[in-house]
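Notes follow once the structure below has been shown.
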Amino acid sequence: MSAVHPPTPRPSPETVPFWEACQEGRLILPKCDECGFFWFPPSSFCPECWSPTWSWVEADGLASLHAFVVFRRQYHPAFEPPYAVGVVHLKEGPRILSRIITTDLTKLQVGMPLKLTWDQADDWKIPAFRPF
Amino acid sequence: MARQKVTAEMSNPNKALRGKYAIVGVGQSDLGQVPGLSSLGLLNEAMHNAMDDAGLTKADVNGVICRGPDDIYTHHQRMGELLGIDAEFSTTLDNGGASQILSVILAIMAIDAGMCDVVLCGYGRDSWSRTHRDTSTKMSVPLVPPEQERSEFNAEVGMFGAVAMHALGASRHMALYGTSKDDLGTIAVAFREHALRNPAAQMKQPLSLEKYHSGRPIVDPFNVYDCSLVTDGAGAVVVCSAERAKDLRQTPVLISGFGTFNNLRGWYYDEHMTDTAARRSGEKAFAMAGIRPEDIDTAQLYDCFTYMVLTQLEDYGFCKKGEGGPFAASGALSIDGALPCNTSGGQLSEGHVEGVLQIIEGVRQLRHAYDSERQVTDAERALVSGHGGNTVCHSSLILERGGE
Ligand SMILES: [Zn+2]
């Protein structure tokens, strides 16, 4: 049987530090040194005040579910439906797309609290979230 | 999340342009499964048809604006080569489904700036043929070329395709406003009913609400009937001054308003999923035309998915935010309803050609081109919409029936 490989990220120069931290089990976000704004995806300037000075800050892993979908059709051999993908509103402010890990898809609700967990895909650790 | 700072008054398109330009020709290719024609071939057919419709020849055209079919670089040059036209003004737009209306707006801007006089605009794509060329490898022939997919923060979490991206918005709207699958279904059912009156439409079978609910699940909350069609097809329109239009073959359809807005901070940002760029795009178009939503006789809304119609009904002000579901369920969208909508069947049931067919249908309704069962009675004004980039880029067009 041939192994089914999930799609892996192809980082850009700006996102390499983010993915390196993920491999150590840390979710980090750019935070502006000038105005305190957190943003995502990572980039060289604060999109709020355009400051070029900012730092990587570890997120505390708490979030809420902004919106979600449940895949019923199979789009990729590595992703067996049904499974949920959501837009996760991190406590720090940014919203990111994430797998929502749950044993009961019918219990998912917009607004519900979520906590960071990790998905292992081949050699990659991918951030994911689960209700708690 | 911080709201975007309001740094300046919103600008509105120049009211002096109201009614100064017109759409004088429209044309389309066959729709559905059209073997033997490439994207360029389909568009070539539509552009020839639009020019015939206008009663113009290629010597009259000095502007060509295309939306590229995603995989051809400087598409307008390839198109001009096939048409045998050198143009004083020409470009390819990349604004997704907002591109078709943007083409018309850009044509007006170019003509008004003295760059050209008669502009041919259009889009075509062999979307059905390219995804069904070899049924055994259907899954490996993507509609969107792989190099255009996001390289990270997408597929590695299991996110694939436009269906899921738009379904996210429906999920949030349902949670915030109690919108139901029935509400989405009434939109699909109304447009299918219109398609049955349109011999060119891809879908020929009736659709009941019951059948809608039994549709093959794709990505909840969308099933197959919430999704627009995969279509081989093309459409084109001809734009020139209202002055010039007086001497041409067809009843001119005047462009009385247009507007654009782009939620470039993205689909996930702020409330962009449920308060879309249609709102400000529409406000600009209505301000320019000097009319209100209740003055619109028919709306041709960009219906890539059922939910996008529902939110646009709210965002354009045809009903209050959150009431799009009940508004659609009231029967308002049917041909004899309060707001006859997507009277050709729309992209859900006529064929998905990235919004160009919506402009064409608006024009034909205002020409009173149809027999009574397909014609919106006494239609004087139409609203046409387009959006792209997962509904963050939006453009609006208000059309008005010109003098005889
Ligand atoms: Zn800042």
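Chain labels A, B, ... are given in the sequence in which chains occur in the structure tokens; within each chain residues are numbered consecutively from 1, and ligands are likewise numbered from 1 in the order shown.
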
Can you build me a table of chain A residues sitting at most 8 Å from ligand 1, with the closest atom pair per residue and its distance in Å to one decimal, using only C-alpha atoms and all ligand atoms, sorted by chain and residue number, as JSON lines?
{"residue": "A:Lys31", "atom": "CA", "partner": "ligand 1", "partner_atom_place_in_ligand_line": "1 (Zn)", "distance": 7.7}
{"residue": "A:Cys32", "atom": "CA", "partner": "ligand 1", "partner_atom_place_in_ligand_line": "1 (Zn)", "distance": 4.6}
{"residue": "A:Asp33", "atom": "CA", "partner": "ligand 1", "partner_atom_place_in_ligand_line": "1 (Zn)", "distance": 6.7}
{"residue": "A:Glu34", "atom": "CA", "partner": "ligand 1", "partner_atom_place_in_ligand_line": "1 (Zn)", "distance": 5.1}
{"residue": "A:Cys35", "atom": "CA", "partner": "ligand 1", "partner_atom_place_in_ligand_line": "1 (Zn)", "distance": 4.1}
{"residue": "A:Gly36", "atom": "CA", "partner": "ligand 1", "partner_atom_place_in_ligand_line": "1 (Zn)", "distance": 6.0}
{"residue": "A:Phe37", "atom": "CA", "partner": "ligand 1", "partner_atom_place_in_ligand_line": "1 (Zn)", "distance": 5.3}
{"residue": "A:Phe45", "atom": "CA", "partner": "ligand 1", "partner_atom_place_in_ligand_line": "1 (Zn)", "distance": 7.9}
{"residue": "A:Cys46", "atom": "CA", "partner": "ligand 1", "partner_atom_place_in_ligand_line": "1 (Zn)", "distance": 4.7}
{"residue": "A:Pro47", "atom": "CA", "partner": "ligand 1", "partner_atom_place_in_ligand_line": "1 (Zn)", "distance": 6.7}
{"residue": "A:Glu48", "atom": "CA", "partner": "ligand 1", "partner_atom_place_in_ligand_line": "1 (Zn)", "distance": 5.0}
{"residue": "A:Cys49", "atom": "CA", "partner": "ligand 1", "partner_atom_place_in_ligand_line": "1 (Zn)", "distance": 4.0}
{"residue": "A:Trp50", "atom": "CA", "partner": "ligand 1", "partner_atom_place_in_ligand_line": "1 (Zn)", "distance": 5.8}
{"residue": "A:Ser51", "atom": "CA", "partner": "ligand 1", "partner_atom_place_in_ligand_line": "1 (Zn)", "distance": 5.3}
{"residue": "A:Trp54", "atom": "CA", "partner": "ligand 1", "partner_atom_place_in_ligand_line": "1 (Zn)", "distance": 7.9}

Review point. Counting only C-alpha atoms, which residues from chain B have an atom at most 7 Å from any atom of chain A, and could you show them as a list in words?
Key: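 So the residues of chain B near chain A are Met1, Ser151, Glu152, Phe153, Asn154, Ala155, Glu156, Val157, Gly158, Met159, Phe160, Ala164, Ala167, Leu168, Ser171, Arg172, Ala175, Pro217, Ile218, Val219, Asp220, Pro221 and Tyr268 of chain B.
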
- Write out as JSON, numbers by chain the residues lying within 7 Å of A:Trp56, counting only C-alpha atoms and excluding same-chain residues fewer than 5 positions away. {"A": [28, 29, 30, 31]}

Can you list every residue in stretch 304-404 of chain B that DSSP puts in helix (DSSP H, G or I), as a ChimeraX atom specification? /B:306-315,324-329,346-349,356-367

**OP:** Please provide as a PyMOL selection string all residues within 8 Å of stretch 332-345 of chain B, with the sequence filter that same-chain residues fewer than 6 positions apart are discarded (counting only C-alpha atoms).
**Re:** chain B and resi 187+190-198+201+296-301+351+358+361+374-376

Strand (DSSP E or B) residues, from DSSP on the backbone, in stretch 1-126 of chain A, as a PDB file with N, CA, C and O atoms, in the first residue's frame:
ATOM      1  N   ILE A  28       3.357  30.851  17.605  1.00  0.00           N
ATOM      2  CA  ILE A  28       3.829  32.227  17.796  1.00  0.00           C
ATOM      3  C   ILE A  28       3.193  33.163  16.775  1.00  0.00           C
ATOM      4  O   ILE A  28       2.847  32.761  15.666  1.00  0.00           O
ATOM      5  N   LEU A  29       3.027  34.408  17.202  1.00  0.00           N
ATOM      6  CA  LEU A  29       2.377  35.422  16.371  1.00  0.00           C
ATOM      7  C   LEU A  29       3.229  36.678  16.343  1.00  0.00           C
ATOM      8  O   LEU A  29       3.885  36.995  17.343  1.00  0.00           O
ATOM      9  N   PRO A  30       3.201  37.414  15.257  1.00  0.00           N
ATOM     10  CA  PRO A  30       3.854  38.722  15.260  1.00  0.00           C
ATOM     11  C   PRO A  30       3.037  39.717  16.090  1.00  0.00           C
ATOM     12  O   PRO A  30       1.813  39.767  15.944  1.00  0.00           O
ATOM     13  N   LYS A  31       3.727  40.459  16.960  1.00  0.00           N
ATOM     14  CA  LYS A  31       3.072  41.499  17.762  1.00  0.00           C
ATOM     15  C   LYS A  31       3.832  42.807  17.579  1.00  0.00           C
ATOM     16  O   LYS A  31       5.062  42.843  17.712  1.00  0.00           O
ATOM     17  N   CYS A  32       3.104  43.870  17.300  1.00  0.00           N
ATOM     18  CA  CYS A  32       3.723  45.169  17.024  1.00  0.00           C
ATOM     19  C   CYS A  32       4.328  45.756  18.304  1.00  0.00           C
ATOM     20  O   CYS A  32       3.661  45.813  19.332  1.00  0.00           O
ATOM     21  N   PHE A  38      -1.601  42.334  17.270  1.00  0.00           N
ATOM     22  CA  PHE A  38      -1.185  41.002  16.803  1.00  0.00           C
ATOM     23  C   PHE A  38      -1.750  40.797  15.401  1.00  0.00           C
ATOM     24  O   PHE A  38      -2.881  41.204  15.130  1.00  0.00           O
ATOM     25  N   TRP A  54       8.666  44.849  15.480  1.00  0.00           N
ATOM     26  CA  TRP A  54       7.693  43.939  16.077  1.00  0.00           C
ATOM     27  C   TRP A  54       8.431  42.722  16.582  1.00  0.00           C
ATOM     28  O   TRP A  54       9.603  42.523  16.280  1.00  0.00           O
ATOM     29  N   SER A  55       7.741  41.881  17.357  1.00  0.00           N
ATOM     30  CA  SER A  55       8.379  40.708  17.950  1.00  0.00           C
ATOM     31  C   SER A  55       7.479  39.487  17.806  1.00  0.00           C
ATOM     32  O   SER A  55       6.254  39.616  17.751  1.00  0.00           O
ATOM     33  N   TRP A  56       8.094  38.307  17.792  1.00  0.00           N
ATOM     34  CA  TRP A  56       7.317  37.069  17.859  1.00  0.00           C
ATOM     35  C   TRP A  56       6.910  36.840  19.311  1.00  0.00           C
ATOM     36  O   TRP A  56       7.748  36.895  20.209  1.00  0.00           O
ATOM     37  N   VAL A  57       5.618  36.592  19.538  1.00  0.00           N
ATOM     38  CA  VAL A  57       5.121  36.358  20.887  1.00  0.00           C
ATOM     39  C   VAL A  57       4.323  35.052  20.878  1.00  0.00           C
ATOM     40  O   VAL A  57       3.546  34.805  19.938  1.00  0.00           O
ATOM     41  N   GLU A  58       4.531  34.211  21.876  1.00  0.00           N
ATOM     42  CA  GLU A  58       3.810  32.942  21.917  1.00  0.00           C
ATOM     43  C   GLU A  58       2.350  33.180  22.318  1.00  0.00           C
ATOM     44  O   GLU A  58       2.068  33.855  23.311  1.00  0.00           O
ATOM     45  N   LEU A  62      -5.695  29.943  23.580  1.00  0.00           N
ATOM     46  CA  LEU A  62      -7.144  30.019  23.787  1.00  0.00           C
ATOM     47  C   LEU A  62      -7.781  30.758  22.616  1.00  0.00           C
ATOM     48  O   LEU A  62      -7.202  31.707  22.077  1.00  0.00           O
ATOM     49  N   ALA A  63      -8.986  30.330  22.253  1.00  0.00           N
ATOM     50  CA  ALA A  63      -9.636  30.898  21.059  1.00  0.00           C
ATOM     51  C   ALA A  63     -11.130  30.632  21.130  1.00  0.00           C
ATOM     52  O   ALA A  63     -11.604  29.946  22.034  1.00  0.00           O
ATOM     53  N   SER A  64     -11.855  31.220  20.175  1.00  0.00           N
ATOM     54  CA  SER A  64     -13.259  30.856  20.015  1.00  0.00           C
ATOM     55  C   SER A  64     -13.519  30.567  18.537  1.00  0.00           C
ATOM     56  O   SER A  64     -12.744  30.975  17.663  1.00  0.00           O
ATOM     57  N   LEU A  65     -14.611  29.861  18.278  1.00  0.00           N
ATOM     58  CA  LEU A  65     -14.908  29.421  16.908  1.00  0.00           C
ATOM     59  C   LEU A  65     -15.710  30.507  16.178  1.00  0.00           C
ATOM     60  O   LEU A  65     -16.866  30.762  16.514  1.00  0.00           O
ATOM     61  N   HIS A  66     -15.089  31.151  15.198  1.00  0.00           N
ATOM     62  CA  HIS A  66     -15.733  32.239  14.456  1.00  0.00           C
ATOM     63  C   HIS A  66     -16.719  31.693  13.420  1.00  0.00           C
ATOM     64  O   HIS A  66     -17.806  32.241  13.232  1.00  0.00           O
ATOM     65  N   ALA A  67     -16.340  30.636  12.752  1.00  0.00           N
ATOM     66  CA  ALA A  67     -17.181  29.991  11.732  1.00  0.00           C
ATOM     67  C   ALA A  67     -16.580  28.627  11.439  1.00  0.00           C
ATOM     68  O   ALA A  67     -15.382  28.435  11.655  1.00  0.00           O
ATOM     69  N   PHE A  68     -17.395  27.689  10.972  1.00  0.00           N
ATOM     70  CA  PHE A  68     -16.826  26.366  10.675  1.00  0.00           C
ATOM     71  C   PHE A  68     -17.625  25.674   9.581  1.00  0.00           C
ATOM     72  O   PHE A  68     -18.779  26.029   9.308  1.00  0.00           O
ATOM     73  N   VAL A  69     -16.973  24.710   8.953  1.00  0.00           N
ATOM     74  CA  VAL A  69     -17.644  23.870   7.955  1.00  0.00           C
ATOM     75  C   VAL A  69     -17.295  22.409   8.241  1.00  0.00           C
ATOM     76  O   VAL A  69     -16.284  22.125   8.893  1.00  0.00           O
ATOM     77  N   VAL A  70     -18.128  21.513   7.744  1.00  0.00           N
ATOM     78  CA  VAL A  70     -17.845  20.084   7.864  1.00  0.00           C
ATOM     79  C   VAL A  70     -17.735  19.503   6.454  1.00  0.00           C
ATOM     80  O   VAL A  70     -18.700  19.569   5.672  1.00  0.00           O
ATOM     81  N   PHE A  71     -16.556  18.994   6.141  1.00  0.00           N
ATOM     82  CA  PHE A  71     -16.351  18.382   4.826  1.00  0.00           C
ATOM     83  C   PHE A  71     -17.061  17.039   4.773  1.00  0.00           C
ATOM     84  O   PHE A  71     -16.852  16.177   5.614  1.00  0.00           O
ATOM     85  N   HIS A  76      -9.172  15.206  -0.757  1.00  0.00           N
ATOM     86  CA  HIS A  76      -7.779  14.767  -0.733  1.00  0.00           C
ATOM     87  C   HIS A  76      -7.717  13.417  -0.028  1.00  0.00           C
ATOM     88  O   HIS A  76      -8.373  13.241   0.998  1.00  0.00           O
ATOM     89  N   PHE A  79      -7.392  13.235   3.737  1.00  0.00           N
ATOM     90  CA  PHE A  79      -8.436  13.797   4.605  1.00  0.00           C
ATOM     91  C   PHE A  79      -9.745  13.041   4.385  1.00  0.00           C
ATOM     92  O   PHE A  79     -10.448  13.268   3.400  1.00  0.00           O
ATOM     93  N   TYR A  83     -15.007  15.724   8.440  1.00  0.00           N
ATOM     94  CA  TYR A  83     -14.105  16.404   9.370  1.00  0.00           C
ATOM     95  C   TYR A  83     -14.407  17.897   9.319  1.00  0.00           C
ATOM     96  O   TYR A  83     -14.993  18.379   8.345  1.00  0.00           O
ATOM     97  N   ALA A  84     -14.016  18.597  10.393  1.00  0.00           N
ATOM     98  CA  ALA A  84     -14.365  20.019  10.490  1.00  0.00           C
ATOM     99  C   ALA A  84     -13.143  20.909  10.324  1.00  0.00           C
ATOM    100  O   ALA A  84     -12.043  20.579  10.785  1.00  0.00           O
ATOM    101  N   VAL A  85     -13.362  22.023   9.634  1.00  0.00           N
ATOM    102  CA  VAL A  85     -12.358  23.082   9.519  1.00  0.00           C
ATOM    103  C   VAL A  85     -13.036  24.374   9.960  1.00  0.00           C
ATOM    104  O   VAL A  85     -14.192  24.621   9.592  1.00  0.00           O
ATOM    105  N   GLY A  86     -12.343  25.163  10.745  1.00  0.00           N
ATOM    106  CA  GLY A  86     -12.954  26.393  11.223  1.00  0.00           C
ATOM    107  C   GLY A  86     -12.045  27.593  11.127  1.00  0.00           C
ATOM    108  O   GLY A  86     -10.819  27.459  10.979  1.00  0.00           O
ATOM    109  N   VAL A  87     -12.658  28.764  11.205  1.00  0.00           N
ATOM    110  CA  VAL A  87     -11.906  29.997  11.400  1.00  0.00           C
ATOM    111  C   VAL A  87     -11.882  30.226  12.902  1.00  0.00           C
ATOM    112  O   VAL A  87     -12.925  30.348  13.539  1.00  0.00           O
ATOM    113  N   VAL A  88     -10.666  30.220  13.432  1.00  0.00           N
ATOM    114  CA  VAL A  88     -10.465  30.270  14.866  1.00  0.00           C
ATOM    115  C   VAL A  88     -10.049  31.683  15.263  1.00  0.00           C
ATOM    116  O   VAL A  88      -9.100  32.230  14.709  1.00  0.00           O
ATOM    117  N   HIS A  89     -10.798  32.260  16.195  1.00  0.00           N
ATOM    118  CA  HIS A  89     -10.505  33.620  16.652  1.00  0.00           C
ATOM    119  C   HIS A  89      -9.609  33.517  17.888  1.00  0.00           C
ATOM    120  O   HIS A  89     -10.087  33.213  18.983  1.00  0.00           O
ATOM    121  N   LEU A  90      -8.330  33.751  17.702  1.00  0.00           N
ATOM    122  CA  LEU A  90      -7.384  33.640  18.818  1.00  0.00           C
ATOM    123  C   LEU A  90      -7.639  34.743  19.833  1.00  0.00           C
ATOM    124  O   LEU A  90      -8.033  35.855  19.468  1.00  0.00           O
ATOM    125  N   ARG A  95      -7.348  35.835  13.391  1.00  0.00           N
ATOM    126  CA  ARG A  95      -8.156  34.665  13.075  1.00  0.00           C
ATOM    127  C   ARG A  95      -7.371  33.785  12.115  1.00  0.00           C
ATOM    128  O   ARG A  95      -6.833  34.289  11.130  1.00  0.00           O
ATOM    129  N   ILE A  96      -7.325  32.509  12.426  1.00  0.00           N
ATOM    130  CA  ILE A  96      -6.600  31.588  11.548  1.00  0.00           C
ATOM    131  C   ILE A  96      -7.488  30.390  11.212  1.00  0.00           C
ATOM    132  O   ILE A  96      -8.391  30.035  11.956  1.00  0.00           O
ATOM    133  N   LEU A  97      -7.179  29.815  10.055  1.00  0.00           N
ATOM    134  CA  LEU A  97      -7.898  28.622   9.613  1.00  0.00           C
ATOM    135  C   LEU A  97      -7.290  27.412  10.320  1.00  0.00           C
ATOM    136  O   LEU A  97      -6.065  27.297  10.413  1.00  0.00           O
ATOM    137  N   SER A  98      -8.138  26.490  10.793  1.00  0.00           N
ATOM    138  CA  SER A  98      -7.611  25.368  11.572  1.00  0.00           C
ATOM    139  C   SER A  98      -8.513  24.151  11.467  1.00  0.00           C
ATOM    140  O   SER A  98      -9.729  24.268  11.275  1.00  0.00           O
ATOM    141  N   ARG A  99      -7.917  22.964  11.612  1.00  0.00           N
ATOM    142  CA  ARG A  99      -8.704  21.757  11.844  1.00  0.00           C
ATOM    143  C   ARG A  99      -9.366  21.904  13.199  1.00  0.00           C
ATOM    144  O   ARG A  99      -8.751  22.388  14.145  1.00  0.00           O
ATOM    145  N   ILE A 100     -10.630  21.493  13.311  1.00  0.00           N
ATOM    146  CA  ILE A 100     -11.301  21.468  14.603  1.00  0.00           C
ATOM    147  C   ILE A 100     -11.430  19.985  14.984  1.00  0.00           C
ATOM    148  O   ILE A 100     -12.151  19.231  14.324  1.00  0.00           O
ATOM    149  N   PRO A 113     -15.784  28.017  22.970  1.00  0.00           N
ATOM    150  CA  PRO A 113     -14.364  28.158  23.296  1.00  0.00           C
ATOM    151  C   PRO A 113     -13.538  26.994  22.761  1.00  0.00           C
ATOM    152  O   PRO A 113     -14.023  25.855  22.709  1.00  0.00           O
ATOM    153  N   LEU A 114     -12.316  27.296  22.374  1.00  0.00           N
ATOM    154  CA  LEU A 114     -11.407  26.308  21.791  1.00  0.00           C
ATOM    155  C   LEU A 114     -10.040  26.415  22.451  1.00  0.00           C
ATOM    156  O   LEU A 114      -9.667  27.475  22.975  1.00  0.00           O
ATOM    157  N   LYS A 115      -9.314  25.313  22.377  1.00  0.00           N
ATOM    158  CA  LYS A 115      -7.966  25.267  22.941  1.00  0.00           C
ATOM    159  C   LYS A 115      -7.030  24.642  21.909  1.00  0.00           C
ATOM    160  O   LYS A 115      -7.405  23.726  21.188  1.00  0.00           O
ATOM    161  N   LEU A 116      -5.799  25.132  21.917  1.00  0.00           N
ATOM    162  CA  LEU A 116      -4.777  24.666  20.967  1.00  0.00           C
ATOM    163  C   LEU A 116      -4.410  23.204  21.201  1.00  0.00           C
ATOM    164  O   LEU A 116      -4.261  22.760  22.339  1.00  0.00           O
ATOM    165  N   THR A 117      -4.289  22.472  20.095  1.00  0.00           N
ATOM    166  CA  THR A 117      -3.729  21.121  20.139  1.00  0.00           C
ATOM    167  C   THR A 117      -2.863  20.993  18.884  1.00  0.00           C
ATOM    168  O   THR A 117      -2.662  21.981  18.180  1.00  0.00           O
ATOM    169  N   TRP A 118      -2.312  19.812  18.645  1.00  0.00           N
ATOM    170  CA  TRP A 118      -1.435  19.692  17.473  1.00  0.00           C
ATOM    171  C   TRP A 118      -1.808  18.488  16.639  1.00  0.00           C
ATOM    172  O   TRP A 118      -2.165  17.446  17.156  1.00  0.00           O
ATOM    173  N   ASP A 119      -1.710  18.681  15.323  1.00  0.00           N
ATOM    174  CA  ASP A 119      -1.936  17.623  14.348  1.00  0.00           C
ATOM    175  C   ASP A 119      -0.568  17.213  13.817  1.00  0.00           C
ATOM    176  O   ASP A 119       0.244  18.089  13.493  1.00  0.00           O
ATOM    177  N   GLN A 120      -0.324  15.929  13.734  1.00  0.00           N
ATOM    178  CA  GLN A 120       0.945  15.490  13.153  1.00  0.00           C
ATOM    179  C   GLN A 120       0.679  15.019  11.733  1.00  0.00           C
ATOM    180  O   GLN A 120      -0.133  14.119  11.514  1.00  0.00           O
ATOM    181  N   ALA A 121       1.307  15.651  10.751  1.00  0.00           N
ATOM    182  CA  ALA A 121       1.137  15.270   9.354  1.00  0.00           C
ATOM    183  C   ALA A 121       2.521  15.032   8.759  1.00  0.00           C
ATOM    184  O   ALA A 121       3.281  15.981   8.580  1.00  0.00           O
ATOM    185  N   TRP A 124       5.447  17.091   9.836  1.00  0.00           N
ATOM    186  CA  TRP A 124       5.025  18.432  10.225  1.00  0.00           C
ATOM    187  C   TRP A 124       4.080  18.406  11.419  1.00  0.00           C
ATOM    188  O   TRP A 124       3.165  17.594  11.468  1.00  0.00           O
ATOM    189  N   LYS A 125       4.316  19.334  12.350  1.00  0.00           N
ATOM    190  CA  LYS A 125       3.353  19.594  13.407  1.00  0.00           C
ATOM    191  C   LYS A 125       2.517  20.791  12.960  1.00  0.00           C
ATOM    192  O   LYS A 125       3.052  21.868  12.699  1.00  0.00           O
ATOM    193  N   ILE A 126       1.208  20.583  12.862  1.00  0.00           N
ATOM    194  CA  ILE A 126       0.301  21.626  12.372  1.00  0.00           C
ATOM    195  C   ILE A 126      -0.606  22.040  13.532  1.00  0.00           C
ATOM    196  O   ILE A 126      -1.227  21.173  14.159  1.00  0.00           O
TER     197      ILE A 126
END

Counting only C-alpha atoms, what is within 8 Å of B:Leu348, bar same-chain residues fewer than 6 positions away, as an mmCIF file with N, CA, C and O atoms, in the first residue's frame?
data_model
loop_
_atom_site.group_PDB
_atom_site.id
_atom_site.type_symbol
_atom_site.label_atom_id
_atom_site.label_comp_id
_atom_site.auth_asym_id
_atom_site.auth_seq_id
_atom_site.Cartn_x
_atom_site.Cartn_y
_atom_site.Cartn_z
ATOM 1 N N ALA B 188 -32.188 28.459 -4.343
ATOM 2 C CA ALA B 188 -31.872 27.481 -5.396
ATOM 3 C C ALA B 188 -33.122 27.112 -6.196
ATOM 4 O O ALA B 188 -33.075 27.001 -7.427
ATOM 5 N N PHE B 191 -34.299 30.033 -8.583
ATOM 6 C CA PHE B 191 -33.463 30.221 -9.779
ATOM 7 C C PHE B 191 -33.632 29.058 -10.752
ATOM 8 O O PHE B 191 -33.593 29.240 -11.964
ATOM 9 N N ARG B 192 -33.854 27.847 -10.202
ATOM 10 C CA ARG B 192 -34.079 26.710 -11.086
ATOM 11 C C ARG B 192 -35.361 26.912 -11.883
ATOM 12 O O ARG B 192 -35.435 26.616 -13.078
ATOM 13 N N TYR B 225 -26.756 21.507 -4.437
ATOM 14 C CA TYR B 225 -27.674 22.515 -4.983
ATOM 15 C C TYR B 225 -27.386 23.937 -4.482
ATOM 16 O O TYR B 225 -27.965 24.896 -4.970
ATOM 17 N N ASP B 226 -26.520 24.049 -3.480
ATOM 18 C CA ASP B 226 -26.094 25.376 -3.031
ATOM 19 C C ASP B 226 -24.962 25.928 -3.894
ATOM 20 O O ASP B 226 -24.578 27.089 -3.738
ATOM 21 N N CYS B 227 -24.421 25.071 -4.751
ATOM 22 C CA CYS B 227 -23.209 25.423 -5.502
ATOM 23 C C CYS B 227 -23.532 25.738 -6.955
ATOM 24 O O CYS B 227 -24.348 25.040 -7.579
ATOM 25 N N SER B 228 -22.852 26.743 -7.499
ATOM 26 C CA SER B 228 -23.053 27.074 -8.905
ATOM 27 C C SER B 228 -22.458 25.972 -9.773
ATOM 28 O O SER B 228 -21.742 25.093 -9.301
ATOM 29 N N LEU B 229 -22.769 26.050 -11.067
ATOM 30 C CA LEU B 229 -22.455 24.962 -11.991
ATOM 31 C C LEU B 229 -21.033 25.071 -12.512
ATOM 32 O O LEU B 229 -20.402 26.127 -12.435
ATOM 33 N N ASP B 303 -24.255 34.727 -7.958
ATOM 34 C CA ASP B 303 -24.691 33.595 -7.130
ATOM 35 C C ASP B 303 -23.755 32.411 -7.283
ATOM 36 O O ASP B 303 -24.152 31.350 -7.745
ATOM 37 N N CYS B 304 -22.514 32.583 -6.856
ATOM 38 C CA CYS B 304 -21.603 31.436 -6.861
ATOM 39 C C CYS B 304 -22.132 30.366 -5.915
ATOM 40 O O CYS B 304 -21.959 29.175 -6.150
ATOM 41 N N PHE B 305 -22.794 30.801 -4.831
ATOM 42 C CA PHE B 305 -23.424 29.893 -3.864
ATOM 43 C C PHE B 305 -24.699 30.562 -3.366
ATOM 44 O O PHE B 305 -24.799 31.793 -3.371
ATOM 45 N N THR B 306 -25.656 29.756 -2.915
ATOM 46 C CA THR B 306 -26.948 30.301 -2.475
ATOM 47 C C THR B 306 -26.767 31.384 -1.408
ATOM 48 O O THR B 306 -27.418 32.432 -1.470
#

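For the atom pair formed by atom CA of B:Ala98 and atom CA of B:Ile398, the distance is 14.4 Å, given to one decimal.
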
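Using only C-alpha atoms, the shortest contact distance between B:Ala329 and any of B:Thr251, B:Thr74, B:Ser281, B:Thr179 is found at B:Thr179.
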
### Task
Figure out the distance between atom CA of B:Tyr316 and atom CA of B:Glu380, please, to one decimal in Å.
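Value for the atom CA of B:Glu380-atom CA of B:Tyr316 distance: 18.3 Å.
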
For this session: To one decimal in Å, tell me the separation between atom CA of B:Thr91 and atom CA of B:Val104.
Result: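 Atom-to-atom, atom CA of B:Thr91 and atom CA of B:Val104 are spaced 12.3 Å apart.
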
* **Residue neighbourhood stretch 288-293 of chain B, 12 Å, only C-alpha atoms, exclusion window fewer than 2 positions, as a PyMOL selection string** => chain B and resi 11-20+254-260+279+281-286+295-299+312-320+338-339+381-383+396-400
